[in-house]
Amino acid sequence: MSRFFVEPQQICGERIYMTDGEDIKHLSRVLRLTEGDFVDVSDTKEYEYRCEIEEIARDQVILRIHDKQSFAKEPKLQVTLYQGIPKQGKMETIIQKTVELGVYRIVPVFTKRTVVTDSRGNFGKKVQRWQKISAEAVKQCKRGIIPEVAEAITFEEMVREAAAEHDLVLFLFEDEQETTIKQVLRQRQAAAIASGVPLRSVALLIGPEGGFSAEEAETIVASGACCATLGKTILRTETAGMAALAMTMYELEL
């Protein structure tokens, strides 16, 4: 079943009015759907709909709602991945795979060891392309929302934002030798259950190639983040975020 995304204001009573040109083209010319066919539609906020195509025009598609349900495949836990910006096309792989695994938001971060720069002020175009990759991955795995790929921020901004906006900040550090991510997650989950206040948001901090510098690591720990290891081997930056996200979802979501 094909899945499309609309804004809540495009839903009027028993009808949904799809007006995005790319979606109309994909529906009519690529998928070759016609009146009477069914599609799934998400409002990107809370609900998903099973709809029948009622009319296909050049500038809009009118859909009639047959069923409305709360998101069935969207994780309750909101995990934000703060990713040190890697070289070449690695970010595209990171976005695609973490979206499939259930990430809520992805924030590119400029760190001391980040090789990629924004010297020409064109980095915003990369973010736009990455957002499209997020949208494509969502359609494949049929999630309810399109995870945001935020504008890139500095290391200092990451530390402040992560501490202020999340119930748990996990700093995955290759030099950590004792505390594992499993230990941290289980301890925090047990504490949350005992207090009756569930963990709702988690931040994962992943460095670029070469990891965070010693000074950056000290700053992160001083901010209150929980430092943990992902295992005995050192993972590539494009692997570390996926592994951390999968482990977090296993412990706190499944």
# chains A, B, ... in the order shown; residues from 1 in each chain; ligands from 1
$ residues_around --residues "stretch 70-72 of chain A" --least-positions-apart "3" --cutoff "6 Å" --atoms "only C-alpha atoms" --output "list in words"
Glu46, Tyr47, Glu48 and Gly144 of chain A
$ write_last_selection --atoms "C-alpha atoms" --output "short mmCIF file (atom, residue, chain, number, x, y, z; two decimals), in the first residue's frame"
data_model
loop_
_atom_site.label_atom_id
_atom_site.label_comp_id
_atom_site.auth_asym_id
_atom_site.auth_seq_id
_atom_site.Cartn_x
_atom_site.Cartn_y
_atom_site.Cartn_z
CA GLU A 46 -0.87 11.93 15.11
CA TYR A 47 -3.12 10.07 12.68
CA GLU A 48 -2.92 7.89 9.60
CA GLY A 144 3.83 8.05 10.66
#
$ residues_around --residues "stretch 124-126 of chain A" --least-positions-apart "5" --cutoff "12 Å" --atoms "only C-alpha atoms" --output "list of chain:residue names"
A:Ile85, A:Gln88, A:Gly89, A:Met91, A:Glu92, A:Pro108, A:Val116, A:Thr117, A:Asp118, A:Ser119, A:Gln131, A:Lys132, A:Ile133, A:Val149, A:Ala150, A:Glu151, A:Ala152, A:Ile153
$ closest_residue --among "A:Arg58, A:Lys97, A:Lys25, A:Lys68" --to "A:Leu81" --atoms "only C-alpha atoms"
A:Lys97
$ atom_distance --atom1 "atom CA of A:Arg50" --atom2 "atom CA of A:Arg64"
8.6 Å
$ residues_around --residues "stretch 192-205 of chain A" --least-positions-apart "4" --cutoff "9 Å" --atoms "only C-alpha atoms" --output "list of chain:residue names"
A:Lys76, A:Leu77, A:Gln78, A:Val79, A:Thr80, A:Leu81, A:Tyr82, A:Gln83, A:Gly84, A:Met158, A:Ala162, A:Ala163, A:Glu165, A:His166, A:Asp167, A:Leu168, A:Val169, A:Leu170, A:Phe171, A:Leu172, A:Phe173, A:Gln187, A:Arg188, A:Gly241, A:Ala244, A:Leu245, A:Thr248, A:Leu252
$ atom_distance --atom1 "atom CA of A:Ala240" --atom2 "atom CA of A:Glu216"
17.8 Å
